[in-house]
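Chemist: Dropping a structure here in structure tokens format, bear with me for questions.
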Amino acid sequence: MDAYDTDSEARRGADEPRAPEPPAAPAPPLPPHLRTGVAALSLPYQIGAALALAIVAVTVCVHLGMTFLHVAPANAVTKQHGRAIEDWVYPEFEQNWKLFAPNPLQQNIAVQVRAQVLAADGTVRTSGWYDLSAEDGRVIDGNLLPSHTQQNELRRAWDFFTATHGTDNRPVGLRGALSETYLRRIVVMRLDRDDAAGPDGSVERVQVRSVSTNVRPPGWSQEQVSDKPAYRELPWWAVTPADRVGGAR
Amino acid sequence: MNRFSLAVSQAIARITESALGPYQAAVVRIGFSATWLLFLLRELPHRNELYGPDGPWSWDLAEQLIAGNGAFTALMWSDGRFWFELVYGLAVLSSALLLLGWRTRTMSVLFMVGVLSLQNRSIFMGDGGDNVLHLMCIYLVFTRCGQVWSLDARRARARGEQVPDRVGPVLWIVLGLVLIAVTGAGRLLEGDPFVPALLWAVWLALGVRWAVDRLARTDQPRIFLDVVTNIVHNGALLVIMAEACLIYATAGWYKIQGSRWQDGTAVYYPLHLDYFSPWPGLADALTSSATMVLLITYGTVAVQVAFPFTLFNRRVKNVLLAAMMTEHAVIAVVLGLPFFSLAMIAADAVFLPTPFLRRLGGWAARARGRLTAGRGRTTLPQPRAPESAEETHVGFTA
């Protein structure tokens with residue numbers, strides 16, 4: 001690419017005093033095995049090299065074309081050849097660069113959970129709401145190196161859940177079912193860490209909800225947004241042994 | 001017409017006779033291996049929760065998802081705790097060795113296996129930084145990223161071709177046995193064939209390379225392999241650069257369509273999300289002025305959209321590069337995304353100019369020299385090692 005051409009030109013240029021001059025005379029004369037490039041090859045090998053060049057050139061072009069179509073908005077070509085593009089890109093070249101685009105998220109979405117706890121004496125009580133996102137937020141505060149477990153785990157599990165569930169909270173397809181188990185395992189693990197069950201109780205059922213609050217517009221803006229949180233409450237889920245850490249298999 | 005064919009033949013000569021951008025390839029190698037190494041070390045206490053068989057994204061859940069998408073991960077070969085710890089350990093080790101450039105090609109393959117194994121095991125743990133790393137670890141396998149700033153380059157300089165290499169063949173045989181065992185057990189061929197095919201291809205190529213270096217009677221096969229390796233390297237480096245451009249172009253062009261990026265307030269919002277505001281005071285200070293927020297918002301979009309086009313002008317490219325690296329360094333702290341930022345800076349680094357990289361190498365070598373001298377060591381093989389590496393362009397094995 002052009003950036004390189006000019007760079008390597010500059011390396012040899014006179015405006016580069018710090019670059020060491022190539023040694024005036026490399027002590028031993030060039031042995032024959034230092035000759036390189038296609039020019040040093042006999043015809044059959046040259047044909048082989050040309051073939052290699054053609055294959056690499058085509059692969060690079062196809063790969064870049066496919067990747068471009070994969071990240072481009074839906075268009076005439078992707079509608080016609082969507083299948084071929086997917087086959088090329090998935091699973092290892094999947095990518096998404098809509099970083100804070102087209103619009104950044106403007107809501108704080110907190111995932112909260114409460115539990116029905118069965119105590120040793122057989123009584124059942126319902127806990128208060130645990131704000132798991134707020135717990136994440138507290139460990140992220142003042143943290144130079146937030147962990148993926150704090151910054152991504154719950155946040156992306158909730159995204160995964162909402163992306164694979166209808167507004168009626170019913171799962172869509174296999175991924176919907178997976179996301180439900182995943183979310184349940186996360187909240188059960190977190191409740192366990194928060195010792196929600198107490199010394200000899202056990203969490204029997206859990207309920208998850210999300211609380212979305214608009215980010216307050218900047219102080220210098222005239223904009224008005226509602227500061228009322230919006231709730232999305234999921235049904236109570238029974239906790240199975242498979243939902244507890246270590247009981248997965 | 002004559003001029004055209006001359007230009008074409010010159011271009012072909014260039015891309016076949018050498019692996020271009022040796023410093024850029026090396027800095028990308030160092031950047032990504034360091035990012036992954038630091039990430040793995042930082043997550044050491046959380047490794048089980050992120051990728052372990054008993055984490056919330058359990059082995060069972062992963063198995064169901066991967067049965068559908070066919071992604072490559074060695075972690076699905078066994079649900080044992082020991083296997084997981086082994087893979088994690090090997091991921092740490094291979095990134096450290098790739099960073100140092102020890103058996104660079106082999107380590108780049110193991111590095112890729114480590115990255116893909118962990119990331120594909122728990123795809124919902126990752127973010128944009130993981131995504132960049134995921135792509136680049138595959139592309140790096142195709143490059144000669146150890147030509148400079150590597151133990152390989154130092155070894156090649158130190159002893160030339162005289163002393164027979166024992167470690168290389170042993171490593172090759174061991175990895176070959178592993179590959180055969182895994183393939184024989186049917187594990188390797190369960191999903192998408194791309195990564196398994198790549199593993200076999202690199203292993204065979206390394207074997208052919210070794211055999212040709214030792215056994216060929218003429219120079220021709222060796223030069224031929226060099227030519228093919230150079231072509232593949234140059235193609236991969238082009239892909240790495242194009243990928244970086246694609247990232248910025250996508251990020252920029254999609255932003256232009258957003259109302260918040262248009263009204264100049266976009267930057268305010270991520271800074272006030274609980275998950276991305278480790279320093280609320282700093283975020284408030286940064287966004288206290290409407291003009292400031294507008295400038296950063298518009299500036300971000302302008303730089304991202306413009307970057308790919310500036311590659312045609314060296315000076316403008318360098319200015320934008322500096323701006324983007326600075327912005328990512330700020331994002332690392334202000335949005336609490338250190339590893340994403342490191343990965344992006346590593347990707348940006350492929351566009352750094354060679355003179356700058358050589359100077360950087362010189363400083364690093366001198367700093368190291370001072371460090372080792374300070375410890376009273378007298379063995380200073382070549383204080384200016386990275387710079388002199390370029391003259392010995394050959395002697396590069398794998």
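By order of appearance in the structure tokens: chains A, B, ..., then residues from 1 within every chain, and ligands from 1 in the order shown.
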Output as JSON, numbers by chain the set of chain B residues within 6 Å of chain A, with distances taken over only C-alpha atoms.

Modeler: {"B": [16, 17, 54, 56, 57, 71, 125, 223, 227, 247, 250, 251, 254, 255, 257, 258, 260, 269, 273, 274, 275, 278, 279, 311, 312, 353, 354]}

Chemist: If you count only C-alpha atoms, which residues fall within 10 Å of Thr310 (chain B), apart from same-chain ones fewer than 5 positions away, as a list in words?

Modeler: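 The contact residues come out as Ala3 of chain A; Val303, Val305, Arg315, Val316, Lys317, Asn318, Val319, Leu320 and Leu321 of chain B.
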
Chemist: Go through A:Ala115, A:Asp192, A:Leu234, A:Val225 and flag the residue nearest Gly166 (chain A), using only C-alpha atoms for the distances.

Modeler: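 Closest to Gly166 (chain A), using only C-alpha atoms: A:Leu234.
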
Chemist: Excluding region 170-181 of chain B and its own-chain neighbours fewer than 5 positions away, which residues fall within 10 Å of it when counting only C-alpha atoms? Please give them as a CSV table (one decimal) with all heavy atoms, in the first residue's frame.

Modeler:
```
chain,number,residue,atom,x,y,z
B,103,ARG,N,10.5,-18.8,17.8
B,103,ARG,CA,9.8,-19.7,16.9
B,103,ARG,C,8.5,-19.0,16.4
B,103,ARG,O,7.4,-19.5,16.7
B,103,ARG,CB,9.5,-21.1,17.5
B,103,ARG,CG,10.6,-21.7,18.2
B,103,ARG,CD,11.5,-22.4,17.2
B,103,ARG,NE,12.9,-22.5,17.8
B,103,ARG,CZ,13.9,-23.0,17.2
B,103,ARG,NH1,13.8,-23.4,15.9
B,103,ARG,NH2,15.1,-23.1,17.7
B,106,THR,N,5.5,-20.8,14.5
B,106,THR,CA,4.8,-21.8,15.3
B,106,THR,C,4.0,-21.1,16.4
B,106,THR,O,2.8,-21.5,16.7
B,106,THR,CB,5.8,-22.8,15.9
B,106,THR,OG1,6.6,-23.3,14.9
B,106,THR,CG2,5.1,-23.9,16.7
B,110,LEU,N,0.0,-21.2,17.6
B,110,LEU,CA,-0.5,-21.5,19.0
B,110,LEU,C,-1.3,-20.3,19.6
B,110,LEU,O,-2.2,-20.5,20.3
B,110,LEU,CB,0.7,-21.9,19.8
B,110,LEU,CG,1.4,-23.2,19.4
B,110,LEU,CD1,2.5,-23.6,20.4
B,110,LEU,CD2,0.4,-24.4,19.4
B,165,ASP,N,19.7,-27.0,14.0
B,165,ASP,CA,18.7,-26.6,14.9
B,165,ASP,C,18.0,-27.9,15.4
B,165,ASP,O,17.5,-28.7,14.7
B,165,ASP,CB,17.7,-25.7,14.2
B,165,ASP,CG,16.5,-25.3,15.0
B,165,ASP,OD1,16.7,-25.4,16.3
B,165,ASP,OD2,15.4,-25.0,14.5
B,186,GLY,N,-11.2,-37.4,16.0
B,186,GLY,CA,-12.4,-36.9,15.3
B,186,GLY,C,-12.8,-35.5,15.9
B,186,GLY,O,-13.7,-34.9,15.4
B,187,ARG,N,-12.0,-35.0,16.8
B,187,ARG,CA,-12.4,-33.7,17.4
B,187,ARG,C,-12.2,-32.5,16.5
B,187,ARG,O,-13.0,-31.6,16.5
B,187,ARG,CB,-11.5,-33.4,18.7
B,187,ARG,CG,-11.7,-34.4,19.8
B,187,ARG,CD,-13.0,-34.3,20.4
B,187,ARG,NE,-13.2,-35.1,21.6
B,187,ARG,CZ,-14.3,-35.2,22.3
B,187,ARG,NH1,-15.3,-34.6,21.9
B,187,ARG,NH2,-14.3,-36.0,23.3
B,188,LEU,N,-11.1,-32.6,15.7
B,188,LEU,CA,-10.7,-31.4,14.9
B,188,LEU,C,-11.7,-31.2,13.8
B,188,LEU,O,-11.9,-30.0,13.4
B,188,LEU,CB,-9.3,-31.7,14.3
B,188,LEU,CG,-8.6,-30.4,13.9
B,188,LEU,CD1,-8.4,-29.5,15.1
B,188,LEU,CD2,-7.2,-30.8,13.4
B,196,PRO,N,-9.0,-26.0,11.2
B,196,PRO,CA,-8.2,-27.3,11.1
B,196,PRO,C,-7.4,-27.3,9.9
B,196,PRO,O,-6.2,-27.8,9.9
B,196,PRO,CB,-9.3,-28.3,11.1
B,196,PRO,CG,-10.5,-27.7,11.8
B,196,PRO,CD,-10.4,-26.2,11.5
B,199,LEU,N,-4.3,-25.2,10.4
B,199,LEU,CA,-3.3,-25.9,11.3
B,199,LEU,C,-2.5,-26.9,10.5
B,199,LEU,O,-1.3,-26.9,10.6
B,199,LEU,CB,-4.0,-26.5,12.4
B,199,LEU,CG,-4.8,-25.6,13.4
B,199,LEU,CD1,-5.5,-26.4,14.5
B,199,LEU,CD2,-3.9,-24.6,14.0
B,200,TRP,N,-3.2,-27.7,9.7
B,200,TRP,CA,-2.5,-28.8,9.0
B,200,TRP,C,-1.6,-28.1,7.9
B,200,TRP,O,-0.4,-28.6,7.7
B,200,TRP,CB,-3.5,-29.7,8.3
B,200,TRP,CG,-3.9,-30.9,9.2
B,200,TRP,CD1,-5.0,-31.0,9.9
B,200,TRP,CD2,-3.1,-32.0,9.5
B,200,TRP,NE1,-5.0,-32.2,10.6
B,200,TRP,CE2,-3.8,-32.8,10.4
B,200,TRP,CE3,-1.8,-32.4,9.2
B,200,TRP,CZ2,-3.3,-34.0,11.0
B,200,TRP,CZ3,-1.3,-33.6,9.7
B,200,TRP,CH2,-2.0,-34.4,10.6
B,203,TRP,N,1.6,-26.7,9.4
B,203,TRP,CA,2.4,-27.7,9.9
B,203,TRP,C,3.2,-28.4,8.8
B,203,TRP,O,4.4,-28.6,8.8
B,203,TRP,CB,1.6,-28.8,10.7
B,203,TRP,CG,2.4,-29.8,11.3
B,203,TRP,CD1,3.2,-29.7,12.4
B,203,TRP,CD2,2.6,-31.2,10.8
B,203,TRP,NE1,3.9,-30.9,12.7
B,203,TRP,CE2,3.5,-31.8,11.7
B,203,TRP,CE3,2.0,-31.9,9.8
B,203,TRP,CZ2,3.8,-33.2,11.5
B,203,TRP,CZ3,2.4,-33.2,9.6
B,203,TRP,CH2,3.3,-33.9,10.5
B,204,LEU,N,2.4,-28.7,7.7
B,204,LEU,CA,3.1,-29.3,6.5
B,204,LEU,C,4.1,-28.4,5.9
B,204,LEU,O,5.2,-28.7,5.5
B,204,LEU,CB,2.0,-29.7,5.5
B,204,LEU,CG,1.1,-30.9,5.9
B,204,LEU,CD1,0.0,-31.1,4.9
B,204,LEU,CD2,2.0,-32.2,6.0
B,206,LEU,N,5.8,-26.0,7.3
B,206,LEU,CA,7.0,-25.9,8.1
B,206,LEU,C,7.9,-27.1,7.9
B,206,LEU,O,9.1,-27.0,7.8
B,206,LEU,CB,6.7,-25.8,9.6
B,206,LEU,CG,6.1,-24.4,10.0
B,206,LEU,CD1,5.6,-24.4,11.5
B,206,LEU,CD2,7.2,-23.3,9.9
B,207,GLY,N,7.3,-28.3,7.7
B,207,GLY,CA,8.0,-29.5,7.4
B,207,GLY,C,8.7,-29.4,6.1
B,207,GLY,O,9.9,-29.7,6.0
B,210,TRP,N,11.7,-27.1,6.3
B,210,TRP,CA,12.8,-27.6,6.9
B,210,TRP,C,13.5,-28.6,6.0
B,210,TRP,O,14.8,-28.6,5.9
B,210,TRP,CB,12.4,-28.3,8.2
B,210,TRP,CG,13.5,-28.9,9.0
B,210,TRP,CD1,14.2,-28.3,10.0
B,210,TRP,CD2,14.1,-30.2,8.9
B,210,TRP,NE1,15.2,-29.1,10.5
B,210,TRP,CE2,15.1,-30.3,9.8
B,210,TRP,CE3,13.7,-31.4,8.1
B,210,TRP,CZ2,15.9,-31.5,10.0
B,210,TRP,CZ3,14.5,-32.5,8.3
B,210,TRP,CH2,15.6,-32.6,9.2
```

Chemist: Under the rule that only C-alpha atoms are counted, which of B:Gln147, B:Gln304, B:Thr218, B:Thr265 is the nearest residue to Cys245 (chain B)?

Modeler: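 Once distances to Cys245 (chain B) are computed over only C-alpha atoms, the minimum belongs to B:Gln304.
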
Chemist: Take CA of Val115 (chain B) and CA of Tyr139 (chain B) and report the distance between them in Å, one decimal.

Modeler: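 Straight-line distance from CA of Val115 (chain B) to CA of Tyr139 (chain B) works out to 12.5 Å.
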
Chemist: Using only C-alpha atoms, which of B:Arg105, B:Arg370, B:Arg42, B:Arg144 sits nearest Val202 (chain B)?

Modeler: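 Once distances to Val202 (chain B) are computed over only C-alpha atoms, the minimum belongs to B:Arg105.
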
Chemist: From region 21-234 of chain A, collect each residue whose DSSP state is alpha helix (DSSP H) and return the set as a ChimeraX atom specification.

Modeler: /A:43-71,76-89,132-140,148-151,153-163,173-193

Chemist: Considering only strand (DSSP E or B) as DSSP defines it on the backbone, what residues of region 2-249 of chain A qualify? List them as a PyMOL selection string.

Modeler: chain A and resi 107-118+124-126+130-131+165+171+202-214+230-233+237-238

Chemist: For Leu69 (chain A), work out the shell of residues within 9 Å, counting only C-alpha atoms and skipping chain neighbours fewer than 4 positions away, then give it as a list in words.

Modeler: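 Contacts, with the query itself left out: Leu64, Gly65, Pro73, Ala74, Asn75, Val77, Thr78, Gly82 and Ile85 of chain A.
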
Chemist: Next, dump the selected residues to file, keeping only N, CA, C and O atoms, as a tab-separated table (two decimals), in the first residue's frame.

Modeler:
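The resulting file, out.tsv, is shown below:
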```
chain	number	residue	atom	x	y	z
A	64	LEU	N	-11.52	-9.60	1.22
A	64	LEU	CA	-11.83	-8.20	1.52
A	64	LEU	C	-13.23	-7.84	1.01
A	64	LEU	O	-13.98	-7.12	1.68
A	65	GLY	N	-13.58	-8.35	-0.16
A	65	GLY	CA	-14.91	-8.08	-0.70
A	65	GLY	C	-16.00	-8.64	0.19
A	65	GLY	O	-16.97	-7.95	0.53
A	73	PRO	N	-24.18	-1.92	5.04
A	73	PRO	CA	-25.63	-2.03	5.25
A	73	PRO	C	-26.23	-3.00	4.23
A	73	PRO	O	-25.62	-3.25	3.19
A	74	ALA	N	-27.39	-3.54	4.53
A	74	ALA	CA	-28.06	-4.44	3.58
A	74	ALA	C	-28.21	-3.71	2.25
A	74	ALA	O	-28.61	-2.55	2.20
A	75	ASN	N	-27.82	-4.35	1.18
A	75	ASN	CA	-27.86	-3.70	-0.13
A	75	ASN	C	-28.21	-4.72	-1.21
A	75	ASN	O	-28.42	-5.90	-0.92
A	77	VAL	N	-26.53	-6.25	-3.46
A	77	VAL	CA	-25.67	-7.43	-3.60
A	77	VAL	C	-25.84	-8.38	-2.43
A	77	VAL	O	-25.93	-9.61	-2.61
A	78	THR	N	-25.90	-7.84	-1.21
A	78	THR	CA	-26.04	-8.74	-0.06
A	78	THR	C	-27.38	-9.45	-0.10
A	78	THR	O	-27.50	-10.56	0.41
A	82	GLY	N	-26.43	-13.16	-0.03
A	82	GLY	CA	-26.30	-13.21	1.43
A	82	GLY	C	-25.74	-14.53	1.92
A	82	GLY	O	-24.89	-14.56	2.81
A	85	ILE	N	-21.96	-14.89	1.34
A	85	ILE	CA	-21.21	-14.02	2.24
A	85	ILE	C	-21.16	-14.63	3.64
A	85	ILE	O	-20.10	-14.70	4.27
```

Chemist: So how far away is CA of Ser94 (chain B) from CA of Phe356 (chain B), in Å?

Modeler: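 These two atoms are separated by 27.9 Å.
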
Chemist: When you draw a straight line from CA of Asp195 (chain A) to CA of Asp121 (chain A), how long is it in Å?

Modeler: 17.8 Å

Chemist: Which polymer residues have any atom within 8 Å of an atom of Pro53 (chain B), counting only C-alpha atoms, with same-chain residues fewer than 3 positions away left out, as number ranges by chain?

Modeler: B: 48, 58-59, 79-81, 84

Chemist: Please provide as a list in words all residues within 12 Å of Pro164 (chain B), with the sequence filter that same-chain residues fewer than 4 positions apart are discarded (counting only C-alpha atoms).

Modeler: Arg155, Ala156, Arg159, Gly160, Gly168, Pro169, Trp210, Asp213 and Arg214 of chain B

Chemist: Just want the 10 Å neighbourhood of Glu85 (chain B), counted on only C-alpha atoms, with same-chain residues fewer than 2 positions away dropped. Output as JSON, numbers by chain.

Modeler: {"B": [47, 48, 51, 52, 75, 80, 81, 82, 83, 87, 88, 89, 90, 91]}

Chemist: Please save N, CA, C and O atoms of the selected residues as a PDB file, in the first residue's frame.

Modeler:
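File produced: result_12.pdb:
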```pdb
ATOM      1  N   ARG B  47     -10.740 -16.476  35.467  1.00  0.00           N
ATOM      2  CA  ARG B  47     -10.696 -17.327  34.272  1.00  0.00           C
ATOM      3  C   ARG B  47     -11.788 -18.386  34.252  1.00  0.00           C
ATOM      4  O   ARG B  47     -12.354 -18.669  33.203  1.00  0.00           O
ATOM      5  N   ASN B  48     -12.091 -18.943  35.434  1.00  0.00           N
ATOM      6  CA  ASN B  48     -13.126 -19.979  35.457  1.00  0.00           C
ATOM      7  C   ASN B  48     -14.500 -19.427  35.152  1.00  0.00           C
ATOM      8  O   ASN B  48     -15.288 -20.056  34.467  1.00  0.00           O
ATOM      9  N   TYR B  51     -14.324 -18.588  31.153  1.00  0.00           N
ATOM     10  CA  TYR B  51     -14.152 -19.625  30.136  1.00  0.00           C
ATOM     11  C   TYR B  51     -14.178 -21.050  30.687  1.00  0.00           C
ATOM     12  O   TYR B  51     -14.088 -22.005  29.920  1.00  0.00           O
ATOM     13  N   GLY B  52     -14.253 -21.197  31.982  1.00  0.00           N
ATOM     14  CA  GLY B  52     -14.151 -22.527  32.589  1.00  0.00           C
ATOM     15  C   GLY B  52     -15.398 -23.365  32.358  1.00  0.00           C
ATOM     16  O   GLY B  52     -16.463 -22.837  32.044  1.00  0.00           O
ATOM     17  N   LEU B  75     -11.332 -25.908  23.671  1.00  0.00           N
ATOM     18  CA  LEU B  75     -11.950 -26.141  24.978  1.00  0.00           C
ATOM     19  C   LEU B  75     -13.138 -27.086  24.897  1.00  0.00           C
ATOM     20  O   LEU B  75     -13.586 -27.609  25.909  1.00  0.00           O
ATOM     21  N   GLY B  80     -13.138 -31.290  31.031  1.00  0.00           N
ATOM     22  CA  GLY B  80     -12.391 -31.440  32.273  1.00  0.00           C
ATOM     23  C   GLY B  80     -11.781 -30.125  32.740  1.00  0.00           C
ATOM     24  O   GLY B  80     -11.448 -29.252  31.944  1.00  0.00           O
ATOM     25  N   ARG B  81     -11.636 -30.024  34.047  1.00  0.00           N
ATOM     26  CA  ARG B  81     -11.042 -28.844  34.654  1.00  0.00           C
ATOM     27  C   ARG B  81      -9.562 -28.735  34.273  1.00  0.00           C
ATOM     28  O   ARG B  81      -9.046 -27.672  33.970  1.00  0.00           O
ATOM     29  N   PHE B  82      -8.886 -29.893  34.276  1.00  0.00           N
ATOM     30  CA  PHE B  82      -7.456 -29.898  33.983  1.00  0.00           C
ATOM     31  C   PHE B  82      -7.199 -29.420  32.558  1.00  0.00           C
ATOM     32  O   PHE B  82      -6.280 -28.637  32.308  1.00  0.00           O
ATOM     33  N   TRP B  83      -7.997 -29.878  31.619  1.00  0.00           N
ATOM     34  CA  TRP B  83      -7.847 -29.477  30.220  1.00  0.00           C
ATOM     35  C   TRP B  83      -8.001 -27.964  30.081  1.00  0.00           C
ATOM     36  O   TRP B  83      -7.235 -27.302  29.369  1.00  0.00           O
ATOM     37  N   VAL B  87      -5.167 -25.401  28.671  1.00  0.00           N
ATOM     38  CA  VAL B  87      -5.359 -24.525  27.512  1.00  0.00           C
ATOM     39  C   VAL B  87      -5.096 -23.070  27.899  1.00  0.00           C
ATOM     40  O   VAL B  87      -4.433 -22.325  27.174  1.00  0.00           O
ATOM     41  N   TYR B  88      -5.589 -22.671  29.060  1.00  0.00           N
ATOM     42  CA  TYR B  88      -5.372 -21.294  29.509  1.00  0.00           C
ATOM     43  C   TYR B  88      -3.871 -21.036  29.694  1.00  0.00           C
ATOM     44  O   TYR B  88      -3.336 -20.021  29.251  1.00  0.00           O
ATOM     45  N   GLY B  89      -3.205 -22.002  30.313  1.00  0.00           N
ATOM     46  CA  GLY B  89      -1.765 -21.876  30.516  1.00  0.00           C
ATOM     47  C   GLY B  89      -1.006 -21.778  29.201  1.00  0.00           C
ATOM     48  O   GLY B  89      -0.111 -20.945  29.045  1.00  0.00           O
ATOM     49  N   LEU B  90      -1.398 -22.614  28.242  1.00  0.00           N
ATOM     50  CA  LEU B  90      -0.738 -22.579  26.938  1.00  0.00           C
ATOM     51  C   LEU B  90      -1.023 -21.264  26.209  1.00  0.00           C
ATOM     52  O   LEU B  90      -0.165 -20.754  25.480  1.00  0.00           O
ATOM     53  N   ALA B  91      -2.210 -20.724  26.425  1.00  0.00           N
ATOM     54  CA  ALA B  91      -2.538 -19.435  25.802  1.00  0.00           C
ATOM     55  C   ALA B  91      -1.614 -18.350  26.354  1.00  0.00           C
ATOM     56  O   ALA B  91      -1.098 -17.510  25.606  1.00  0.00           O
TER      57      ALA B  91
END
```

Chemist: Rank nothing, just name the residue among B:Glu243, B:Val167, B:Ala346, B:Val333 nearest to Met66 (chain A), using only C-alpha atoms.

Modeler: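 Using only C-alpha atoms, Met66 (chain A) sits closest to B:Glu243.
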